[in-house]
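Below you'll find the structure, written out as C-alpha cells, and then a few comments.
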Amino acid sequence: VATYLIGDVHGCIDTLEALLERTGIDPEHDRLVLVGDLVGRGPRSLEVLRWAFERAGSMRGRFETVLGNHDLHLLALARELAEPRATDRLDAVLAAPDRDRLLGWLGSRPLALAVEGALVVHAGVEPSWTVAGTLERAARLQGALAGPRAAELLRRGRPGELEPDDPTLAGLRHDLAILTRLRMFDAEGRPAPYTGPPGDAPAGLVPWFRVPGRRTAETTVVFGHWAALGLLVEPRLVGLDSGCAWGRQLTALRLDDRRIVQQEVAPAERPGH
Ligand SMILES: [Mn+2]
C-alpha cells in the first residue's frame, strides 16, 4: 500500500488523469491525497469535482483533499459571499444540477491532515504551531465551516474591511488565511501579500517554512499553493504546486519512497484555452 500526494489541480482533469495513469497507483489499495485547489483558473473544474466526489466514494477512507483558497472561493461564490473574477472559470460548477452535492462534499473537507507521519496543508503554518496544534486549529475550522458562522468565515473583502470585533471569529479567519493563503512573512511576522518567487521577494520577507525555530521543522510538511516557488523537495519539506494552472506541470509524490512523477499540462488545459 502506497500513499500518493498530488499538487494543485486547478480544473485540469485530463492532466490529472494522465498523471495518475503514469504513477501506477492502485486505486483498490493505495491512498491518494490532494493538497487543495482542485478548482479555479483551469477549464474543467466541474469535471475535477465530480471525479473527486466519485473517488471519495469508491476509495472510501483512502482518498482525501485539504481545502485550498480557490476551493473556499468557490464555496463563497455559491453563497454569494464573494465577487466572481474573470480568471475563476467556475460558472459550470455553479450552474451544475449536482452542485449542492458536490459543494456539500467539498465544504466538509479538512484544512490539514496527518498522513503517514507527514503534515499536509494547502499553503502553510505559523512557526509557533506544532503538528498537533495545527491539526486542532484545522479541526476547529472544519467544524466552523459546517456551522452557523460559516458565512462570516467565507466572506471576502478588501484588506482591513472585514476586521471582526469578535476575537474568536478573528482567530478563525486568521488561521484559515494561514492554512490556505500563506507564502511569506514580513519582518514583523505578518503574512505578506507577495506571490512571486522567493528569490525576487522584497528584502525582509521570508518563506513561512524558513522561519527559524519553526515547530513543525522535524515533521515532513507537504503543501501546494505557491506556483512561483515551483516543485520543492527537501528531506522534511515538499512543495507540490508546479504551476499546472500556468501551463507547466502537475506533480505527484509517492510519500513512501519520495518518488516524483510529473505530467506536462494537456494542450487544451493551458492558459488561454
Ligand atoms: Mn492556492
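Labels used: A, B, ... for chains in the order of the C-alpha cells, numbers from 1 for residues in each chain, and numbers from 1 for ligands as shown.
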Q: Identify, with DSSP run on backbone atoms, the residues in range 9-219 of chain A assigned to helix (DSSP H, G or I), and express the list as a ChimeraX atom specification.
A: /A:13-23,45-58,60-62,69-78,91-95,99-107,131-145,150-154,167-181,198-200,208-210
(Q) Please find the residues contacting ligand 1 at a distance of at most 10 Å between atoms, with only C-alpha atoms and all ligand atoms counted, and report them as a ChimeraX atom specification. (A) /A:7-10,35-40,67-72,122-123,179-183,223-227,241
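The nearest approach to Val221 in chain A among the residues A:Glu269, A:Asp257, A:Glu116, A:Asp186, with only C-alpha atoms taken into account, belongs to A:Glu116.
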Q. What lies within 9 Å of Ser128 in chain A using only C-alpha atoms, ignoring chain neighbours under 5 positions off, as a VMD selection string?
A. chain A and resid 213 to 216
Q: Find the spatial neighbours of range 245-248 of chain A, counting only C-alpha atoms, within a cut-off of 7 Å - ignore same-chain residues fewer than 3 positions away - and output them as a VMD selection string.
A: chain A and resid 10 41 to 42 242 264 to 265 270 to 271
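Each of A:Pro84, A:Pro43, A:Gly61, A:Pro197 was checked against His29 in chain A using only C-alpha atoms; the smallest atom-to-atom distance is that of A:Gly61.
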